[in-house]
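Student: Sending over upload35.csv (CSV, C-alpha atoms).
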chain,number,residue,atom,x,y,z
A,283,MET,CA,-24.3,-39.6,16.2
A,284,VAL,CA,-22.2,-36.7,14.9
A,285,THR,CA,-19.0,-36.1,16.8
A,286,ILE,CA,-17.8,-32.7,17.9
A,287,PRO,CA,-15.0,-32.5,15.2
A,288,ASN,CA,-17.6,-33.4,12.6
A,289,LYS,CA,-19.9,-30.7,13.8
A,290,ALA,CA,-17.1,-28.2,13.6
A,291,LEU,CA,-16.3,-29.3,10.1
A,292,LEU,CA,-20.0,-29.1,9.1
A,293,LEU,CA,-20.2,-25.6,10.5
A,294,GLY,CA,-17.1,-24.5,8.7
A,295,LEU,CA,-18.4,-25.9,5.4
A,296,THR,CA,-21.7,-24.1,6.0
A,297,LEU,CA,-20.1,-20.7,6.7
A,298,ALA,CA,-17.5,-20.9,4.0
A,299,PRO,CA,-19.8,-19.9,1.1
A,300,LEU,CA,-21.2,-17.1,3.3
A,301,MET,CA,-17.8,-15.7,4.1
A,302,ALA,CA,-16.7,-15.9,0.5
A,303,GLY,CA,-19.8,-14.1,-0.6
A,304,ALA,CA,-19.2,-11.4,1.9
A,305,GLN,CA,-15.7,-10.9,0.7
A,306,GLU,CA,-16.8,-10.7,-2.9
A,307,SER,CA,-19.4,-8.1,-1.9
A,308,VAL,CA,-16.8,-6.0,-0.2
A,309,ASN,CA,-14.6,-6.2,-3.2
A,310,ALA,CA,-17.4,-5.2,-5.5
A,311,GLN,CA,-18.3,-2.2,-3.3
A,312,LEU,CA,-14.7,-1.2,-3.0
A,313,ASP,CA,-14.2,-1.3,-6.8
A,314,ALA,CA,-17.3,0.8,-7.3
A,315,CYS,CA,-16.1,3.3,-4.6
A,316,ILE,CA,-12.7,3.6,-6.3
A,317,ARG,CA,-14.2,4.2,-9.7
A,318,GLU,CA,-16.4,6.9,-8.2
A,319,GLN,CA,-13.5,8.5,-6.4
A,320,GLN,CA,-11.4,8.5,-9.6
A,321,ARG,CA,-14.3,10.0,-11.6
A,322,ALA,CA,-14.8,12.8,-9.0
A,323,ALA,CA,-11.1,13.5,-8.9
A,324,SER,CA,-10.9,13.7,-12.7
A,325,VAL,CA,-13.8,16.1,-12.9
A,326,LYS,CA,-12.4,18.3,-10.1
A,327,GLY,CA,-8.9,18.3,-11.6
A,328,ALA,CA,-10.2,19.2,-15.1
A,329,ALA,CA,-12.3,22.0,-13.6
A,330,LEU,CA,-9.4,23.4,-11.5
A,331,GLY,CA,-7.0,23.1,-14.4
A,332,ALA,CA,-9.4,24.9,-16.8
A,333,LEU,CA,-10.0,27.7,-14.3
A,334,GLY,CA,-6.3,28.1,-13.7
A,335,LYS,CA,-5.5,28.3,-17.4
A,336,LEU,CA,-8.4,30.6,-18.0
A,337,GLY,CA,-7.3,32.9,-15.2
A,338,SER,CA,-3.7,33.1,-16.6
A,339,ALA,CA,-5.0,33.7,-20.1
A,340,LEU,CA,-7.2,36.6,-18.9
A,341,LEU,CA,-4.5,38.2,-16.9
A,342,SER,CA,-2.0,38.1,-19.8
A,343,ARG,CA,-4.5,39.0,-22.5
A,344,ARG,CA,-3.7,42.7,-22.6
A,345,GLN,CA,0.0,42.0,-23.0
A,346,GLU,CA,-0.3,39.5,-25.9
A,347,PRO,CA,-0.4,40.5,-29.6
A,348,ARG,CA,-4.0,40.4,-31.0
A,349,GLU,CA,-3.1,37.7,-33.5
A,350,GLU,CA,-2.0,35.3,-30.7
A,351,ARG,CA,-5.2,35.4,-28.7
A,352,HIS,CA,-7.0,33.0,-31.0
A,353,SER,CA,-4.9,30.1,-29.5
A,354,GLU,CA,-6.3,30.5,-26.0
A,355,GLY,CA,-9.2,28.1,-26.5
A,356,ARG,CA,-6.9,25.5,-27.9
A,357,GLN,CA,-4.4,25.9,-25.0
A,358,LEU,CA,-7.2,25.3,-22.5
A,359,THR,CA,-7.9,21.9,-23.9
A,360,LEU,CA,-4.3,20.6,-24.0
A,361,SER,CA,-3.5,17.9,-21.5
A,362,ILE,CA,-0.8,18.4,-18.9
A,363,GLY,CA,2.5,16.9,-20.0
A,364,GLY,CA,4.8,17.2,-16.9
A,365,GLY,CA,3.4,15.2,-14.0
A,366,ALA,CA,1.1,13.0,-16.1
A,367,GLY,CA,3.1,9.9,-15.1
A,368,MET,CA,2.7,10.6,-11.4
A,369,GLY,CA,-0.9,11.3,-11.8
A,370,LEU,CA,-1.6,7.9,-13.4
A,371,ALA,CA,0.7,6.2,-10.9
A,372,SER,CA,-1.1,7.7,-7.9
A,373,ALA,CA,-4.7,8.1,-8.9
A,374,TRP,CA,-5.9,4.5,-8.1
A,375,PHE,CA,-4.1,4.4,-4.7
A,376,LYS,CA,-5.5,7.9,-3.7
A,377,ALA,CA,-9.0,6.7,-4.6
A,378,ALA,CA,-8.5,3.5,-2.6
A,379,GLY,CA,-7.2,5.4,0.4
A,380,ALA,CA,-10.3,7.7,0.4
A,381,CYS,CA,-12.6,4.6,0.2
A,382,TYR,CA,-10.7,3.0,3.1
A,383,GLU,CA,-11.1,6.2,5.2
A,384,GLN,CA,-14.8,6.1,4.6
A,385,HIS,CA,-15.1,2.3,5.3
A,386,PRO,CA,-12.3,1.1,7.6
A,387,ASP,CA,-13.9,-2.3,7.7
A,388,TRP,CA,-12.9,-2.8,4.1
A,389,ILE,CA,-9.2,-2.7,4.8
A,390,PRO,CA,-7.7,-6.1,4.1
A,391,ALA,CA,-6.4,-7.8,7.3
A,392,SER,CA,-2.6,-8.1,7.5
A,393,GLN,CA,-1.2,-11.6,7.1
A,394,LEU,CA,1.4,-12.0,9.9
A,395,GLN,CA,2.4,-15.5,10.6
A,396,ARG,CA,5.0,-17.2,12.8
A,397,GLY,CA,8.3,-18.4,11.4
A,398,ALA,CA,11.2,-19.8,13.4
A,399,ASP,CA,10.4,-20.5,17.0
A,400,TYR,CA,12.3,-19.0,19.9
A,401,ALA,CA,14.9,-21.7,20.3
A,402,ARG,CA,15.6,-21.9,16.6
A,403,ALA,CA,15.8,-18.1,16.3
A,404,ILE,CA,18.3,-18.1,19.2
A,405,ALA,CA,20.4,-20.7,17.5
A,406,GLU,CA,20.4,-18.9,14.1
A,407,THR,CA,21.3,-15.5,15.6
A,408,GLY,CA,23.7,-16.6,18.3
A,409,TYR,CA,21.6,-14.6,20.8
A,410,ARG,CA,22.4,-14.4,24.5
A,411,PRO,CA,20.1,-12.9,27.2
A,412,GLU,CA,22.9,-10.5,28.3
A,413,MET,CA,22.6,-8.8,24.9
A,414,GLY,CA,19.2,-7.4,25.9
A,415,PRO,CA,16.3,-7.3,23.5
A,416,LEU,CA,17.2,-8.1,19.9
A,417,LEU,CA,15.3,-6.9,16.8
A,418,GLN,CA,16.4,-7.9,13.3
A,419,LEU,CA,14.8,-7.4,9.9
A,420,ARG,CA,15.8,-10.5,7.9
A,421,ALA,CA,14.3,-10.0,4.5
A,422,LEU,CA,12.1,-8.0,2.2
A,423,ASP,CA,11.4,-10.0,-0.9
A,424,MET,CA,9.7,-8.2,-3.8
A,425,PRO,CA,10.1,-8.7,-7.6
A,426,GLY,CA,12.0,-6.0,-9.4
A,427,ARG,CA,9.6,-5.8,-12.3
A,428,VAL,CA,5.8,-6.1,-12.7
A,429,ARG,CA,3.3,-5.5,-15.4
A,430,ALA,CA,0.3,-3.1,-15.1
A,431,GLY,CA,-2.8,-4.9,-13.9
A,432,GLU,CA,-0.9,-7.6,-11.9
A,433,ASN,CA,-0.9,-8.2,-8.2
A,434,LEU,CA,2.4,-8.1,-6.5
A,435,GLU,CA,3.3,-10.2,-3.4
A,436,ILE,CA,5.7,-8.7,-0.9
A,437,ARG,CA,7.2,-11.0,1.8
A,438,SER,CA,9.0,-9.6,4.9
A,439,ALA,CA,10.6,-11.4,7.9
A,440,PHE,CA,11.8,-10.1,11.2
A,441,VAL,CA,13.2,-11.6,14.4
A,442,LEU,CA,12.4,-10.4,18.0
A,443,LEU,CA,14.2,-12.0,20.9
A,444,THR,CA,13.9,-11.0,24.6
A,445,PRO,CA,16.1,-12.0,27.6
A,446,LEU,CA,13.3,-13.8,29.4
A,447,GLY,CA,11.6,-15.1,26.3
A,448,ASP,CA,8.5,-13.0,27.1
A,449,GLU,CA,6.1,-11.3,24.7
A,450,ALA,CA,6.7,-7.7,23.5
A,451,GLU,CA,4.6,-5.0,21.8
A,452,VAL,CA,5.6,-4.6,18.2
A,453,LEU,CA,4.8,-1.6,16.0
A,454,ILE,CA,4.7,-2.4,12.3
A,455,GLU,CA,4.5,0.2,9.5
A,456,ARG,CA,4.0,-0.4,5.8
A,457,ARG,CA,4.6,2.6,3.5
A,458,LEU,CA,4.2,3.0,-0.3
A,459,PHE,CA,5.7,5.6,-2.6
A,460,ALA,CA,5.3,6.2,-6.3
A,461,ILE,CA,8.3,7.2,-8.4
A,462,ALA,CA,7.5,9.1,-11.7
A,463,ASP,CA,8.5,12.2,-13.6
A,464,GLY,CA,11.7,12.4,-11.6
A,465,LYS,CA,9.8,12.7,-8.3
A,466,GLU,CA,8.7,10.5,-5.4
A,467,GLN,CA,5.3,10.8,-3.8
A,468,ALA,CA,3.9,9.0,-0.7
A,469,LEU,CA,0.7,7.0,-1.4
A,470,PRO,CA,-1.9,5.3,0.8
A,471,PHE,CA,-1.0,1.7,1.4
A,472,THR,CA,-3.6,-0.8,0.4
A,473,GLY,CA,-3.9,-2.5,3.8
A,474,HIS,CA,-3.0,-1.7,7.4
A,475,ALA,CA,-0.3,0.9,7.1
A,476,ARG,CA,0.3,1.0,10.8
A,477,GLU,CA,-0.6,-1.6,13.5
A,478,SER,CA,0.5,-2.6,16.9
A,479,ARG,CA,0.8,-6.3,17.9
A,480,VAL,CA,1.8,-8.2,21.0
A,481,LEU,CA,4.0,-11.0,19.7
A,482,ALA,CA,5.9,-13.9,21.2
A,483,PRO,CA,9.6,-13.9,20.6
A,484,GLY,CA,11.0,-15.6,17.5
A,485,GLU,CA,10.6,-15.0,13.8
A,486,SER,CA,7.5,-13.4,12.2
A,487,LEU,CA,6.6,-13.5,8.5
A,488,ASP,CA,4.6,-10.7,6.9
A,489,LEU,CA,2.8,-11.0,3.5
A,490,ALA,CA,1.5,-7.9,1.7
A,491,ARG,CA,-0.2,-7.6,-1.6
A,492,LEU,CA,0.2,-4.7,-3.9
A,493,PRO,CA,-2.2,-4.3,-6.8
A,494,ILE,CA,-0.7,-2.5,-9.9
A,495,PRO,CA,-3.5,-0.5,-11.6
A,496,LYS,CA,-4.0,-1.2,-15.3
A,497,GLU,CA,-3.6,2.4,-16.3
A,498,VAL,CA,-0.1,2.8,-14.9
A,499,PRO,CA,2.4,3.6,-17.7
A,500,VAL,CA,5.7,1.7,-18.4
A,501,GLY,CA,8.6,3.2,-16.4
A,502,VAL,CA,6.7,4.1,-13.3
A,503,ALA,CA,8.2,2.6,-10.1
A,504,TYR,CA,6.8,1.9,-6.7
A,505,ARG,CA,8.9,1.8,-3.5
A,506,TYR,CA,7.7,-0.2,-0.5
A,507,GLU,CA,9.0,0.3,3.0
A,508,PHE,CA,8.6,-2.2,5.9
A,509,SER,CA,9.4,-0.9,9.3
A,510,VAL,CA,9.3,-2.6,12.7
A,511,ALA,CA,10.0,-1.2,16.2
A,512,ALA,CA,9.8,-3.2,19.5
A,513,ALA,CA,10.9,-3.6,23.1
A,514,GLY,CA,12.1,0.1,23.2
A,515,LEU,CA,14.5,-0.4,20.3
A,516,PRO,CA,14.7,2.0,17.4
A,517,ALA,CA,12.7,1.1,14.3
A,518,ARG,CA,14.4,-1.2,11.7
A,519,THR,CA,13.4,-0.5,8.1
A,520,LEU,CA,13.9,-2.2,4.8
A,521,SER,CA,13.0,-0.9,1.4
A,522,ALA,CA,12.5,-2.4,-2.1
A,523,THR,CA,11.5,-1.0,-5.5
A,524,VAL,CA,9.5,-2.5,-8.4
A,525,GLN,CA,9.3,-1.0,-11.9
A,526,VAL,CA,6.3,-1.3,-14.2
A,527,GLU,CA,7.3,-2.8,-17.6
Translate the structure of the given file into structure tokens.
Tutor:
Amino acid sequence: MVTIPNKALLLGLTLAPLMAGAQESVNAQLDACIREQQRAASVKGAALGALGKLGSALLSRRQEPREERHSEGRQLTLSIGGGAGMGLASAWFKAAGACYEQHPDWIPASQLQRGADYARAIAETGYRPEMGPLLQLRALDMPGRVRAGENLEIRSAFVLLTPLGDEAEVLIERRLFAIADGKEQALPFTGHARESRVLAPGESLDLARLPIPKEVPVGVAYRYEFSVAAAGLPARTLSATVQVE
């Protein structure tokens, strides 16, 4: 006779290939969606850029010497120099953000786990109930350099303590920014950018994964912000930057 634990194990082994297949299917669909979004954005950008250059050329045509007008066609085909780095740094993330808006069920689940328990967190922080609620961001661990095409792991940790040891609602925000061409631009985060959780007091660990697109040029940087607010306390925020090499 098969025992209950063995039945549970058998069920898990049966469902595992199905769950893996479903995840692979979502990834394949997401990749296809991102490619289509990037293609559409490239076509739209090229069309708008050409129209803008054509309009400028036509408006200034009368003021230019006749011998200079022959260069207009060539000028329309020149690629944009300034801003090219930011365009490459942000294109994939914008496309992924558009796909996630269309298919929220594709957004990867956040990986939030328990760290130190309540008693250990109290001992480590020297917390006393008369201090009221306590919220601390302990760490934001992210490599300083990464290569294009790699996946980056970002680990964060925070501590929440309450006078009675009761649960509290926690608001977690994850933000991503691209730094290129001397500018910083907000990007869609490839996961749950904002979520509310009810957590038991103690330490919580968060793992985020950041894919670096293959087309990103050397020198581009990405800045990640991890923010937590809880128990009526102001948000605590940590930030780290990684550079593509």
Student: Ranking A:Arg457, A:Arg476, A:Lys465, A:Arg491 by minimum distance to Arg505 in chain A and counting only C-alpha atoms, which one comes first?
Tutor: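 Among the listed residues, A:Arg457 lies closest to Arg505 in chain A.
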Student: Could you tell me how far CA of Cys315 in chain A lies from CA of Asp387 in chain A, in Å and to one decimal?
Tutor: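 Value for the CA of Cys315 in chain A-CA of Asp387 in chain A distance: 13.7 Å.
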Student: Would you mind telling me which residue in A:Leu520, A:Gly447, A:Leu492, A:Ser324 lies nearest to Ala373 in chain A when using all atoms listed in the file?
Tutor: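 Ranked by minimum distance to Ala373 in chain A, first place goes to A:Ser324.
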Student: So that each row is one residue of range 358-411 of chain A with an atom at most 12 Å from range 434-439 of chain A, can you give its shortest atom pair and the distance in Å to one decimal, using only C-alpha atoms, rows by chain and rising number, as a Markdown table?
Tutor:
| residue | atom | partner | partner_atom | distance |
| --- | --- | --- | --- | --- |
| A:Ser392 | CA | A:Arg437 | CA | 11.7 |
| A:Gln393 | CA | A:Arg437 | CA | 10.0 |
| A:Leu394 | CA | A:Ser438 | CA | 9.4 |
| A:Gln395 | CA | A:Ala439 | CA | 9.6 |
| A:Arg396 | CA | A:Ala439 | CA | 9.4 |
| A:Gly397 | CA | A:Ala439 | CA | 8.2 |
| A:Ala398 | CA | A:Ala439 | CA | 10.1 |
| A:Ala403 | CA | A:Ala439 | CA | 11.9 |
Student: Distance CA of Gly501 in chain A-CA of Ala314 in chain A, one decimal place?
Tutor: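 According to the coordinates, CA of Gly501 in chain A and CA of Ala314 in chain A are separated by 27.6 Å.
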Student: Within 8 Å of Pro445 in chain A, counting all atoms listed in the file, which residues qualify if same-chain residues fewer than 6 places away don't, as a PyMOL selection string?
Tutor: chain A and resi 410-415
Student: Name the residues within 12 Å of (9.5, -15.6, 28.3), counting only C-alpha atoms in the file's coordinates, and put them as a list in words.
Tutor: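 The answer, in the requested form, is Tyr400, Ala401, Pro411, Pro415, Leu442, Leu443, Thr444, Pro445, Leu446, Gly447, Asp448, Glu449, Ala450, Leu481, Ala482, Pro483 and Gly484 of chain A.
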Student: Taking all atoms listed in the file into account, which of A:Thr472, A:Ser486, A:Gln467, A:Asn433 comes nearest Ile454 in chain A?
Tutor: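 Looking at the shortest contact to Ile454 in chain A, the residue is A:Ser486.
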Student: Work out how far CA of Glu383 in chain A is from CA of Gly431 in chain A, in Å to one decimal.
Tutor: 23.6 Å
